[in-house]
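Student: The following file, coords-v9.txt, comprises compact mmCIF, C-alpha atoms and all ligand atoms:
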```txt
# COMPACT_ATOMS: atom_id res chain seq x y z
CA MET A 821 96.34 87.09 121.58
CA LYS A 822 95.78 89.72 118.87
CA LYS A 823 92.33 91.26 118.82
CA ILE A 824 90.81 91.70 115.38
CA LEU A 825 87.57 93.48 114.51
CA ILE A 826 85.97 92.47 111.23
CA THR A 827 83.15 94.76 110.16
CA GLY A 828 80.66 93.32 107.68
CA ALA A 829 81.36 89.94 109.33
CA SER A 830 77.90 88.65 108.45
CA GLY A 831 78.52 89.22 104.73
CA PHE A 832 80.02 86.98 102.08
CA ILE A 833 83.62 88.23 102.30
CA GLY A 834 83.52 89.14 105.99
CA SER A 835 82.47 85.64 107.01
CA PHE A 836 85.53 84.14 105.28
CA ILE A 837 87.82 86.71 106.92
CA VAL A 838 86.37 85.69 110.30
CA GLU A 839 87.17 82.02 109.59
CA GLU A 840 90.78 82.76 108.69
CA ALA A 841 91.27 85.02 111.72
CA LEU A 842 90.02 82.19 113.96
CA ARG A 843 92.33 79.75 112.19
CA GLN A 844 95.24 82.10 112.92
CA GLY A 845 94.37 82.03 116.62
CA MET A 846 93.25 85.64 116.89
CA GLN A 847 90.58 86.89 119.28
CA VAL A 848 87.84 87.56 116.74
CA TYR A 849 85.25 90.30 117.08
CA ALA A 850 82.51 90.22 114.47
CA GLY A 851 81.12 93.69 113.78
CA MET A 852 77.38 93.27 113.29
CA ARG A 853 73.99 94.94 113.31
CA ASN A 854 71.07 93.60 115.34
CA SER A 855 69.52 92.45 112.06
CA SER A 856 72.70 90.74 110.74
CA SER A 857 72.62 87.02 110.06
CA LYS A 858 74.88 84.69 112.06
CA GLN A 859 74.36 81.86 109.57
CA TYR A 860 78.07 81.58 108.75
CA LEU A 861 79.35 82.72 112.14
CA THR A 862 78.75 79.66 114.27
CA ASP A 863 82.13 79.26 116.00
CA ASP A 864 81.77 79.70 119.77
CA ASN A 865 84.99 81.72 119.91
CA ILE A 866 83.49 84.60 117.94
CA GLU A 867 82.57 87.61 120.00
CA PHE A 868 79.80 89.72 118.50
CA VAL A 869 79.98 93.50 118.65
CA MET A 870 76.89 95.46 117.63
CA LEU A 871 78.17 98.54 115.83
CA ASN A 872 76.09 101.52 114.83
CA PHE A 873 78.26 103.39 112.37
CA ALA A 874 75.77 106.25 112.26
CA ASP A 875 76.38 107.01 115.94
CA LYS A 876 79.98 108.15 116.37
CA ALA A 877 79.67 108.59 120.14
CA SER A 878 78.66 104.94 120.63
CA LEU A 879 81.41 103.84 118.26
CA GLN A 880 83.95 105.80 120.28
CA LYS A 881 82.84 104.15 123.48
CA GLN A 882 83.05 100.65 122.03
CA LEU A 883 86.35 101.15 120.25
CA SER A 884 88.04 102.59 123.31
CA THR A 885 86.78 99.67 125.40
CA TYR A 886 88.08 96.95 123.09
CA LYS A 887 91.27 98.54 121.69
CA PHE A 888 91.60 96.29 118.65
CA ASP A 889 95.03 95.39 117.26
CA TYR A 890 93.70 94.97 113.73
CA ILE A 891 90.56 96.14 111.97
CA VAL A 892 89.31 94.89 108.64
CA HIS A 893 86.58 97.20 107.43
CA ALA A 894 84.53 95.03 105.09
CA ALA A 895 81.08 96.46 105.85
CA GLY A 896 79.74 98.12 102.75
CA LEU A 897 76.76 98.55 100.53
CA THR A 898 77.05 97.08 97.03
CA LYS A 899 73.46 97.83 96.03
CA ALA A 900 71.16 100.46 97.45
CA GLN A 901 67.56 101.46 97.27
CA LYS A 902 68.26 105.15 97.65
CA LYS A 903 71.18 106.80 95.84
CA GLU A 904 72.36 108.55 98.99
CA ASP A 905 72.69 105.25 100.86
CA PHE A 906 75.95 104.49 99.03
CA ASP A 907 77.48 107.72 100.28
CA THR A 908 76.10 107.26 103.79
CA VAL A 909 77.29 103.68 104.30
CA ASN A 910 80.44 103.46 102.21
CA PHE A 911 81.81 106.93 102.82
CA ARG A 912 80.27 108.53 105.94
CA TYR A 913 80.21 105.38 108.07
CA THR A 914 83.84 104.66 107.17
CA GLN A 915 84.68 108.25 108.08
CA ASN A 916 82.87 107.86 111.43
CA LEU A 917 84.75 104.67 112.20
CA VAL A 918 88.14 106.14 111.37
CA ASP A 919 87.44 109.43 113.17
CA ALA A 920 86.25 107.55 116.26
CA LEU A 921 89.49 105.53 116.31
CA ILE A 922 91.63 108.63 116.01
CA GLU A 923 89.66 110.70 118.53
CA GLU A 924 89.76 107.89 121.10
CA ASN A 925 93.46 107.35 120.48
CA CYS A 926 92.89 103.68 119.69
CA VAL A 927 94.16 103.45 116.14
CA PRO A 928 94.95 99.76 115.43
CA GLU A 929 98.31 98.43 114.24
CA ARG A 930 96.75 97.81 110.84
CA PHE A 931 93.48 98.99 109.29
CA ILE A 932 92.52 97.11 106.14
CA PHE A 933 89.95 98.94 104.08
CA ILE A 934 88.05 96.74 101.65
CA SER A 935 87.38 99.14 98.83
CA SER A 936 86.67 97.95 95.29
CA MET A 937 88.00 98.11 91.75
CA ALA A 938 84.80 100.08 91.16
CA ALA A 939 86.48 102.96 93.03
CA HIS A 940 88.83 103.21 90.09
CA GLY A 941 86.34 102.31 87.38
CA PRO A 942 86.85 100.08 84.34
CA GLY A 943 89.60 100.23 81.74
CA ASP A 944 89.20 101.53 78.23
CA ASP A 945 86.38 99.78 76.33
CA ASP A 946 88.43 99.81 73.12
CA ASN A 947 91.45 97.89 74.36
CA THR A 948 92.43 95.21 76.85
CA ILE A 949 94.96 97.20 78.83
CA ALA A 950 94.64 96.56 82.57
CA VAL A 951 94.07 99.64 84.73
CA LYS A 952 97.01 100.66 86.92
CA LEU A 953 97.12 102.44 90.25
CA SER A 954 98.87 105.34 88.57
CA ASP A 955 95.86 105.89 86.25
CA ALA A 956 93.41 108.56 87.33
CA PRO A 957 90.30 106.98 88.87
CA HIS A 958 87.02 107.57 87.06
CA PRO A 959 84.34 105.55 88.86
CA ASP A 960 81.19 105.25 86.79
CA THR A 961 78.85 104.01 89.51
CA LEU A 962 77.49 105.61 92.67
CA TYR A 963 78.93 102.63 94.51
CA GLY A 964 82.40 103.27 93.09
CA ILE A 965 82.22 107.01 93.77
CA SER A 966 81.34 106.36 97.43
CA LYS A 967 84.23 103.91 97.82
CA LEU A 968 86.66 106.36 96.22
CA LYS A 969 85.52 109.13 98.57
CA ALA A 970 86.23 106.86 101.52
CA GLU A 971 89.65 105.97 100.09
CA TYR A 972 90.56 109.63 99.65
CA TYR A 973 89.47 110.39 103.20
CA ILE A 974 91.46 107.59 104.83
CA ASN A 975 94.52 108.01 102.68
CA ALA A 976 94.74 111.72 103.47
CA LEU A 977 95.18 110.95 107.18
CA THR A 978 98.62 111.06 108.66
CA HIS A 979 99.82 108.31 111.01
CA PHE A 980 96.90 106.07 110.12
CA PRO A 981 98.23 102.59 109.20
CA VAL A 982 95.83 101.75 106.40
CA ILE A 983 96.15 99.37 103.50
CA THR A 984 93.44 99.78 100.89
CA LEU A 985 92.41 96.75 98.88
CA ARG A 986 90.47 97.14 95.65
CA PRO A 987 89.16 93.68 94.80
CA THR A 988 87.74 93.02 91.37
CA GLY A 989 84.70 90.67 91.19
CA VAL A 990 84.87 88.31 94.17
CA TYR A 991 83.24 84.91 93.82
CA GLY A 992 82.99 81.77 95.91
CA PRO A 993 80.68 79.83 98.21
CA ARG A 994 77.89 81.91 99.86
CA GLU A 995 78.08 84.58 97.13
CA LYS A 996 74.74 85.64 95.63
CA ASP A 997 75.36 87.76 92.51
CA TYR A 998 77.65 85.52 90.41
CA PHE A 999 75.37 82.77 91.64
CA VAL A 1000 72.63 84.23 89.42
CA PHE A 1001 74.93 83.62 86.43
CA PHE A 1002 75.73 80.04 87.54
CA LYS A 1003 72.02 79.37 88.01
CA THR A 1004 71.19 80.77 84.56
CA ILE A 1005 73.77 78.48 82.95
CA SER A 1006 72.46 75.58 84.97
CA ASN A 1007 69.03 76.38 83.50
CA GLY A 1008 70.47 76.00 80.00
CA ILE A 1009 70.81 79.70 79.11
CA GLU A 1010 74.19 81.30 78.40
CA PRO A 1011 73.62 85.03 78.79
CA TYR A 1012 75.77 87.73 77.20
CA ILE A 1013 75.32 91.36 78.01
CA GLY A 1014 76.12 93.52 75.00
CA LEU A 1015 77.39 92.29 71.67
CA GLN A 1016 81.05 93.29 72.03
CA GLU A 1017 83.42 90.92 73.89
CA GLN A 1018 83.83 91.66 77.57
CA TYR A 1019 87.14 91.21 79.43
CA LEU A 1020 86.87 90.30 83.08
CA SER A 1021 89.06 89.71 86.09
CA PHE A 1022 88.18 87.67 89.15
CA ILE A 1023 89.40 86.83 92.62
CA TYR A 1024 88.33 83.76 94.54
CA VAL A 1025 87.19 84.71 98.04
CA LYS A 1026 89.87 82.58 99.76
CA ASP A 1027 92.62 84.29 97.77
CA LEU A 1028 91.24 87.69 98.75
CA VAL A 1029 91.33 86.58 102.38
CA ASP A 1030 94.94 85.49 101.86
CA VAL A 1031 95.75 89.03 100.67
CA VAL A 1032 93.93 90.57 103.66
CA PHE A 1033 96.14 88.63 106.09
CA LYS A 1034 99.32 89.24 104.10
CA ALA A 1035 98.47 92.94 104.43
CA ILE A 1036 97.76 92.62 108.17
CA HIS A 1037 101.11 90.93 108.82
CA SER A 1038 103.19 93.20 106.60
CA ASP A 1039 105.10 96.32 107.57
CA ILE A 1040 103.57 98.22 104.69
CA THR A 1041 101.10 101.04 105.24
CA GLY A 1042 99.56 103.78 103.17
CA LYS A 1043 99.37 101.74 99.98
CA THR A 1044 96.52 100.68 97.72
CA TYR A 1045 96.32 97.44 95.73
CA PHE A 1046 94.03 96.01 93.09
CA VAL A 1047 93.21 92.42 94.00
CA ALA A 1048 92.62 89.88 91.22
CA ASP A 1049 94.05 86.49 90.26
CA GLY A 1050 96.25 88.17 87.65
CA LYS A 1051 94.62 86.60 84.59
CA SER A 1052 92.40 88.07 81.92
CA TYR A 1053 89.20 86.21 81.05
CA THR A 1054 86.57 86.84 78.43
CA ALA A 1055 82.87 86.54 79.26
CA ARG A 1056 82.86 83.57 76.86
CA GLU A 1057 85.60 81.81 78.81
CA PHE A 1058 83.70 82.38 82.05
CA ALA A 1059 80.63 80.76 80.47
CA GLN A 1060 82.68 77.88 78.98
CA ILE A 1061 84.24 77.10 82.35
CA THR A 1062 80.87 77.17 84.10
CA LYS A 1063 79.24 74.97 81.45
CA ARG A 1064 82.07 72.47 81.63
CA ILE A 1065 81.81 72.21 85.41
CA LEU A 1066 78.02 71.98 85.38
CA HIS A 1067 78.08 69.54 82.39
CA LYS A 1068 75.47 71.72 80.69
CA LYS A 1069 74.56 72.33 77.07
CA THR A 1070 73.23 75.86 76.67
CA ILE A 1071 71.52 78.25 74.30
CA LYS A 1072 73.41 81.50 73.87
CA LEU A 1073 71.37 84.60 74.58
CA PHE A 1074 72.87 87.93 73.49
CA VAL A 1075 71.06 90.84 75.10
CA PRO A 1076 71.84 94.28 73.63
CA LEU A 1077 72.90 96.88 76.20
CA ALA A 1078 69.84 99.06 75.55
CA ILE A 1079 67.56 96.16 76.53
CA VAL A 1080 69.64 95.38 79.63
CA LYS A 1081 69.33 99.01 80.69
CA LEU A 1082 65.57 98.90 80.21
CA ILE A 1083 65.30 95.70 82.25
CA ALA A 1084 67.49 97.24 84.98
CA ILE A 1085 65.20 100.30 85.21
CA LEU A 1086 62.11 98.10 85.25
CA LEU A 1087 63.46 95.73 87.92
CA GLU A 1088 64.65 98.61 90.06
CA THR A 1089 61.25 100.32 89.86
CA VAL A 1090 59.16 97.23 90.59
CA ASN A 1091 61.46 95.98 93.39
CA GLY A 1092 61.50 99.50 94.85
CA TRP A 1093 57.72 99.25 95.43
CA PHE A 1094 58.45 96.34 97.76
CA GLY A 1095 61.47 97.94 99.43
CA LYS A 1096 63.90 95.59 97.64
CA VAL A 1097 66.98 96.13 95.49
CA PRO A 1098 67.37 93.72 92.55
CA THR A 1099 70.74 92.22 91.54
CA LEU A 1100 70.34 93.97 88.18
CA ASN A 1101 69.81 97.70 88.76
CA ARG A 1102 70.94 100.94 87.14
CA ASP A 1103 74.20 101.15 89.05
CA LYS A 1104 74.96 97.51 88.23
CA TYR A 1105 74.12 98.20 84.58
CA ASN A 1106 77.06 100.60 84.45
CA VAL A 1107 79.30 97.79 85.67
CA LEU A 1108 77.91 95.32 83.16
CA LYS A 1109 78.17 97.64 80.18
CA ALA A 1110 81.93 98.24 80.62
CA ARG A 1111 83.95 95.94 78.36
CA ASN A 1112 87.27 96.00 80.18
CA TRP A 1113 87.48 95.07 83.85
CA LEU A 1114 91.16 94.14 83.89
CA CYS A 1115 93.47 95.44 86.60
CA ASP A 1116 97.17 95.36 87.23
CA ILE A 1117 98.21 93.41 90.34
CA SER A 1118 101.98 93.86 90.06
CA GLY A 1119 101.99 95.80 93.37
CA LEU A 1120 100.48 92.84 95.14
CA GLU A 1121 102.97 90.45 93.58
CA LYS A 1122 105.95 92.67 94.37
CA ASP A 1123 105.05 93.71 97.95
CA PHE A 1124 103.40 90.51 99.19
CA GLY A 1125 104.71 87.84 96.81
CA PHE A 1126 101.05 87.18 96.01
CA LYS A 1127 100.17 84.34 93.68
CA ALA A 1128 96.57 83.21 93.42
CA ASN A 1129 95.92 79.70 94.65
CA TYR A 1130 92.74 79.57 92.61
CA LEU A 1131 92.44 80.45 88.94
CA LEU A 1132 88.89 80.81 87.65
CA GLU A 1133 88.30 77.14 86.82
CA ASP A 1134 89.49 75.93 90.26
CA GLY A 1135 87.45 78.54 92.11
CA VAL A 1136 84.27 78.02 90.10
CA LYS A 1137 84.61 74.26 90.63
CA GLU A 1138 84.81 74.72 94.40
CA ALA A 1139 82.02 77.30 94.48
CA ILE A 1140 79.68 75.16 92.39
CA ALA A 1141 80.40 72.12 94.57
CA TRP A 1142 79.32 74.24 97.54
CA TYR A 1143 76.17 75.55 95.79
CA LYS A 1144 75.26 71.94 94.96
CA ALA A 1145 75.95 70.67 98.48
CA GLU A 1146 73.78 73.47 99.88
CA LYS A 1147 71.08 72.72 97.27
CA TRP A 1148 71.27 76.22 95.75
CA LEU A 1149 71.92 74.44 92.44
N1 LIG B 1201 81.59 90.87 96.39
C1 LIG B 1201 82.37 91.52 95.56
O1 LIG B 1201 82.50 91.15 94.39
C2 LIG B 1201 83.15 92.71 96.03
C3 LIG B 1201 84.12 93.26 95.16
C4 LIG B 1201 84.86 94.34 95.59
C5 LIG B 1201 84.66 94.86 96.84
N2 LIG B 1201 83.71 94.34 97.66
C6 LIG B 1201 83.53 94.94 98.99
O2 LIG B 1201 83.70 93.96 99.98
C7 LIG B 1201 82.91 94.25 101.12
C8 LIG B 1201 82.07 93.04 101.48
O3 LIG B 1201 81.24 92.74 100.36
P1 LIG B 1201 80.39 91.40 100.28
O4 LIG B 1201 80.42 90.94 98.89
O5 LIG B 1201 80.78 90.49 101.37
O6 LIG B 1201 78.95 92.00 100.54
P2 LIG B 1201 77.75 91.47 101.47
O7 LIG B 1201 77.70 89.99 101.49
O8 LIG B 1201 76.56 92.23 101.01
O9 LIG B 1201 78.18 91.96 102.92
C9 LIG B 1201 78.11 93.31 103.25
C10 LIG B 1201 78.34 93.45 104.73
O10 LIG B 1201 78.26 94.85 105.06
C11 LIG B 1201 77.32 95.02 106.11
N3 LIG B 1201 76.58 96.27 105.99
C12 LIG B 1201 75.88 96.71 104.93
N4 LIG B 1201 75.27 97.87 105.24
C13 LIG B 1201 75.58 98.16 106.52
C14 LIG B 1201 75.23 99.19 107.42
N5 LIG B 1201 74.44 100.18 107.04
N6 LIG B 1201 75.74 99.16 108.67
C15 LIG B 1201 76.53 98.14 109.06
N7 LIG B 1201 76.90 97.12 108.27
C16 LIG B 1201 76.41 97.12 107.01
C17 LIG B 1201 76.36 93.85 105.96
O11 LIG B 1201 75.69 93.66 107.20
P3 LIG B 1201 74.22 92.98 107.25
O12 LIG B 1201 74.45 91.52 107.12
O13 LIG B 1201 73.70 93.40 108.56
O14 LIG B 1201 73.46 93.56 106.09
C18 LIG B 1201 77.30 92.73 105.58
O15 LIG B 1201 77.91 92.19 106.72
C19 LIG B 1201 82.07 95.49 100.76
O16 LIG B 1201 82.67 96.61 101.31
C20 LIG B 1201 82.15 95.53 99.25
O17 LIG B 1201 82.04 96.84 98.78
C21 LIG B 1201 82.95 93.27 97.29
```
What would you get if you wrote out this structure as structure tokens?
Tutor:
Amino acid sequence: MKKILITGASGFIGSFIVEEALRQGMQVYAGMRNSSSKQYLTDDNIEFVMLNFADKASLQKQLSTYKFDYIVHAAGLTKAQKKEDFDTVNFRYTQNLVDALIEENCVPERFIFISSMAAHGPGDDDNTIAVKLSDAPHPDTLYGISKLKAEYYINALTHFPVITLRPTGVYGPREKDYFVFFKTISNGIEPYIGLQEQYLSFIYVKDLVDVVFKAIHSDITGKTYFVADGKSYTAREFAQITKRILHKKTIKLFVPLAIVKLIAILLETVNGWFGKVPTLNRDKYNVLKARNWLCDISGLEKDFGFKANYLLEDGVKEAIAWYKAEKWL
């Protein structure tokens, strides 16, 4: 039985990766912290491994004991209270994990690094050309910079069988950020950030998981892929789809970027007093202000024969059904 370690197992994406690994009959190890929630990790076959990425010596000990066949590194910080936390968690902890594997001579058959499209940064605001892997990355968020640093580190290693995935916006059941948008529409408000049209790409969480396992089972290593459903959507289409599924009539609310920035600063400051990080913050503002979040997935299609099972309408329908069943909506 193949042993798979999934870091960030308690999170939105990690919990779905755990489910698929169990379905595939793997011995599943959920990488956790003492404080991590087990809400979505209820299967008795899951073995929990408390990992402290800050402590390389303890990591080394654990990794050499278990000797995992596959590792999916999905632990990561998407919003942070202190700027340096992005670098610490997304770059340094990834570096510690990888170094510990190499130093203990227990490099897995496949290491899947869940990076982000943010590591590349958005496309040109003035056109709708999807970014390609051959384009020079120019991350415009601290989050993206930290992910790119981790990518550079791992990809510079020799004999390290990594596949780097750069998902665009991931949505689906259990997710909390797009949920804010669904909730706003359900409250009758259709929010638009900035006055110029925004082009977006999406990937439904189950399709991302499909890519993760295609990557695990492939012979390919050392390559990076953007992960999206392959379609281009406008912010208006996203709102139309959501409204249709929720059967809602809405009032459109266009918020100029300058106001959004002000709100982000305000929310970040006030939440900071209580040790919290709001969904809308300065780093997130940089994501929201970009007009072109389209990415080229031809590599994924060519190497893995990937075709999304869920386009936006199908995925949003399933996600909203879940939010309703769980009484979030
Ligand atoms: N959601 C998206 O749209 C999206 C898009 C592109 C890439 N990604 C990447 O996908 C990965 C998973 O994201 P997600 O959306 O599932 O986020 P999430 O729900 O916030 O999950 C993040 C996971 O990382 C763990 N983590 C955070 N800080 C940690 C630390 N200091 N030490 C150990 N573990 C830590 C969390 O553990 P706790 O439960 O203990 O906090 C949690 O399990 C991340 O690497 C993210 O950058 C996400």
Student: Using all atoms listed in the file, can you tell me which of A:Leu977, A:Ile1005, A:Ala829, A:Val1136 comes closest to Tyr991 (chain A)?
Tutor: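 Going through A:Leu977, A:Ile1005, A:Ala829, A:Val1136 one by one, the smallest distance to Tyr991 (chain A) is for A:Val1136.
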Student: Could you make a table, as a Markdown table, of the residues of chain A that have an atom within 7 Å of an atom of ligand LIG 1201 (chain B), each with its nearest atom pair and distance in Å to one decimal, counting only C-alpha atoms and all ligand atoms, in chain and number order?
Tutor:
```
| residue | atom | partner | partner_atom | distance |
| --- | --- | --- | --- | --- |
| A:Thr827 | CA | B:LIG1201 | O15 | 6.8 |
| A:Gly828 | CA | B:LIG1201 | O15 | 3.1 |
| A:Ala829 | CA | B:LIG1201 | O15 | 4.9 |
| A:Ser830 | CA | B:LIG1201 | O15 | 3.9 |
| A:Gly831 | CA | B:LIG1201 | O9 | 3.3 |
| A:Phe832 | CA | B:LIG1201 | O5 | 3.7 |
| A:Ile833 | CA | B:LIG1201 | O5 | 3.7 |
| A:Gly834 | CA | B:LIG1201 | O5 | 5.5 |
| A:Met852 | CA | B:LIG1201 | O13 | 6.0 |
| A:Arg853 | CA | B:LIG1201 | O13 | 5.0 |
| A:Ser855 | CA | B:LIG1201 | O13 | 5.5 |
| A:Ser856 | CA | B:LIG1201 | O13 | 3.6 |
| A:Ser857 | CA | B:LIG1201 | O12 | 5.7 |
| A:Leu871 | CA | B:LIG1201 | C15 | 7.0 |
| A:Asn872 | CA | B:LIG1201 | N6 | 6.6 |
| A:Phe873 | CA | B:LIG1201 | N6 | 6.2 |
| A:Ala894 | CA | B:LIG1201 | C7 | 4.4 |
| A:Ala895 | CA | B:LIG1201 | O10 | 3.3 |
| A:Gly896 | CA | B:LIG1201 | O16 | 3.6 |
| A:Leu897 | CA | B:LIG1201 | C12 | 4.8 |
| A:Thr898 | CA | B:LIG1201 | O17 | 5.3 |
| A:Val909 | CA | B:LIG1201 | N5 | 5.3 |
| A:Ile934 | CA | B:LIG1201 | O16 | 5.4 |
| A:Ser935 | CA | B:LIG1201 | C5 | 5.4 |
| A:Ser936 | CA | B:LIG1201 | C5 | 4.0 |
| A:Met937 | CA | B:LIG1201 | C4 | 6.2 |
| A:Arg986 | CA | B:LIG1201 | C4 | 6.3 |
| A:Pro987 | CA | B:LIG1201 | C4 | 4.4 |
| A:Thr988 | CA | B:LIG1201 | C3 | 5.2 |
| A:Gly989 | CA | B:LIG1201 | O1 | 3.9 |
| A:Val990 | CA | B:LIG1201 | O1 | 3.7 |
| A:Tyr991 | CA | B:LIG1201 | O1 | 6.3 |
| A:Glu995 | CA | B:LIG1201 | O7 | 7.0 |
```
Student: Go ahead and compute the interatomic distance for CA of Gly1014 (chain A) and CA of Lys902 (chain A), in Å to one decimal.
Tutor: 26.6 Å
Student: Excluding Ser966 (chain A) and its own-chain neighbours fewer than 5 positions away, which residues fall within 10 Å of it when counting only C-alpha atoms? Please give them as a list in words.
Tutor: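 Result of the neighbour search: Gly896, Leu897, Glu904, Asp905, Phe906, Asp907, Thr908, Val909, Asn910, Phe911, Arg912, Ser935, Ala938, Ala939, Pro959, Thr961 and Glu971 of chain A.
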Student: Return the single residue from A:Lys1069, A:Lys858, A:Lys1127, A:Lys1043 that is closest to Ile1009 (chain A), with distances computed using all atoms listed in the file.
Tutor: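 So, comparing all the options, the nearest one is A:Lys1069.
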Student: If we count all atoms listed in the file, what is near Ile1085 (chain A) at a cut-off of 10 Å, once residues fewer than 6 positions away on the same chain are taken out, given as a CSV table (one decimal) with C-alpha atoms, in the coordinates of the input?
Tutor:
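Produced file part-v7.csv, reproduced below:
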```csv
chain,number,residue,atom,x,y,z
A,1079,ILE,CA,67.6,96.2,76.5
A,1091,ASN,CA,61.5,96.0,93.4
A,1100,LEU,CA,70.3,94.0,88.2
A,1101,ASN,CA,69.8,97.7,88.8
A,1102,ARG,CA,70.9,100.9,87.1
A,1103,ASP,CA,74.2,101.2,89.0
A,1105,TYR,CA,74.1,98.2,84.6
```
Student: Using 6 Å of padding on each side, determine the axis-aligned box around all atoms of region 910-918 of chain A present in the file and give its centre and edge lengths in Å to one decimal, as JSON.
Tutor:
```
{"center_x": 84.2, "center_y": 106.0, "center_z": 107.2, "size_x": 19.9, "size_y": 17.1, "size_z": 22.0}
```
Student: Find the spatial neighbours of Val838 (chain A), counting only C-alpha atoms, within a cut-off of 8 Å - ignore same-chain residues fewer than 3 positions away - and output them as an MDAnalysis selection string.
Tutor: chainID A and resid 826 829 834:835 841:842 848 850 861
Student: Which residue is closest to Tyr1019 (chain A)? Choose from A:Met821, A:Ile1117, A:Cys926, A:Leu1108 and count only C-alpha atoms.
Tutor: A:Leu1108
Student: Just the number, please: distance in Å from CA of Asp1123 (chain A) to CA of Leu953 (chain A), one decimal.
Tutor: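 Interatomic distance, CA of Asp1123 (chain A) to CA of Leu953 (chain A): 14.1 Å.
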Student: Counting all atoms listed in the file, figure out which residue out of A:Lys1104, A:His1067, A:Lys967, A:Lys822 gets nearest to Leu1087 (chain A).
Tutor: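 Selected residue with least distance to Leu1087 (chain A): A:Lys1104.
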Student: Go through A:Lys1034, A:Lys823, A:Arg1056, A:Lys1109 one by one, measure the shortest atom-to-atom distance of each to Ile891 (chain A) using only C-alpha atoms, and give the residue with the smallest value.
Tutor: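 Nearest to Ile891 (chain A): A:Lys823.
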Student: When you count only C-alpha atoms, which of these residues is closest to Tyr1143 (chain A): A:Ala1035, A:Val1107, A:Ala1084, A:Val1000?
Tutor: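 Going through A:Ala1035, A:Val1107, A:Ala1084, A:Val1000 one by one, the smallest distance to Tyr1143 (chain A) is for A:Val1000.
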Student: Quick one: everything within 7 Å of Phe888 (chain A), counting only C-alpha atoms, minus sequence neighbours fewer than 4 positions away in the same chain. Send it as a PDB file with C-alpha atoms, in the frame of the given file.
Tutor:
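Result file follows (part08.pdb):
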```pdb
ATOM      1  CA  LYS A 823      92.330  91.260 118.820  1.00  0.00           C
ATOM      2  CA  ILE A 824      90.810  91.700 115.380  1.00  0.00           C
ATOM      3  CA  LEU A 825      87.570  93.480 114.510  1.00  0.00           C
ATOM      4  CA  PRO A 928      94.950  99.760 115.430  1.00  0.00           C
TER       5      PRO A 928
END
```
Student: Considering only C-alpha atoms, return as a PyMOL selection string whatever protein or nucleic-acid residues lie within 8 Å of Ile949 (chain A), sequence-local ones (same chain, fewer than 4 positions apart) excluded.
Tutor: chain A and resi 943-944+1112+1114
Student: One number please: CA of Ile974 (chain A) to CA of His893 (chain A), in Å, one decimal.
Tutor: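 We find that CA of Ile974 (chain A) and CA of His893 (chain A) lie 11.8 Å from each other.
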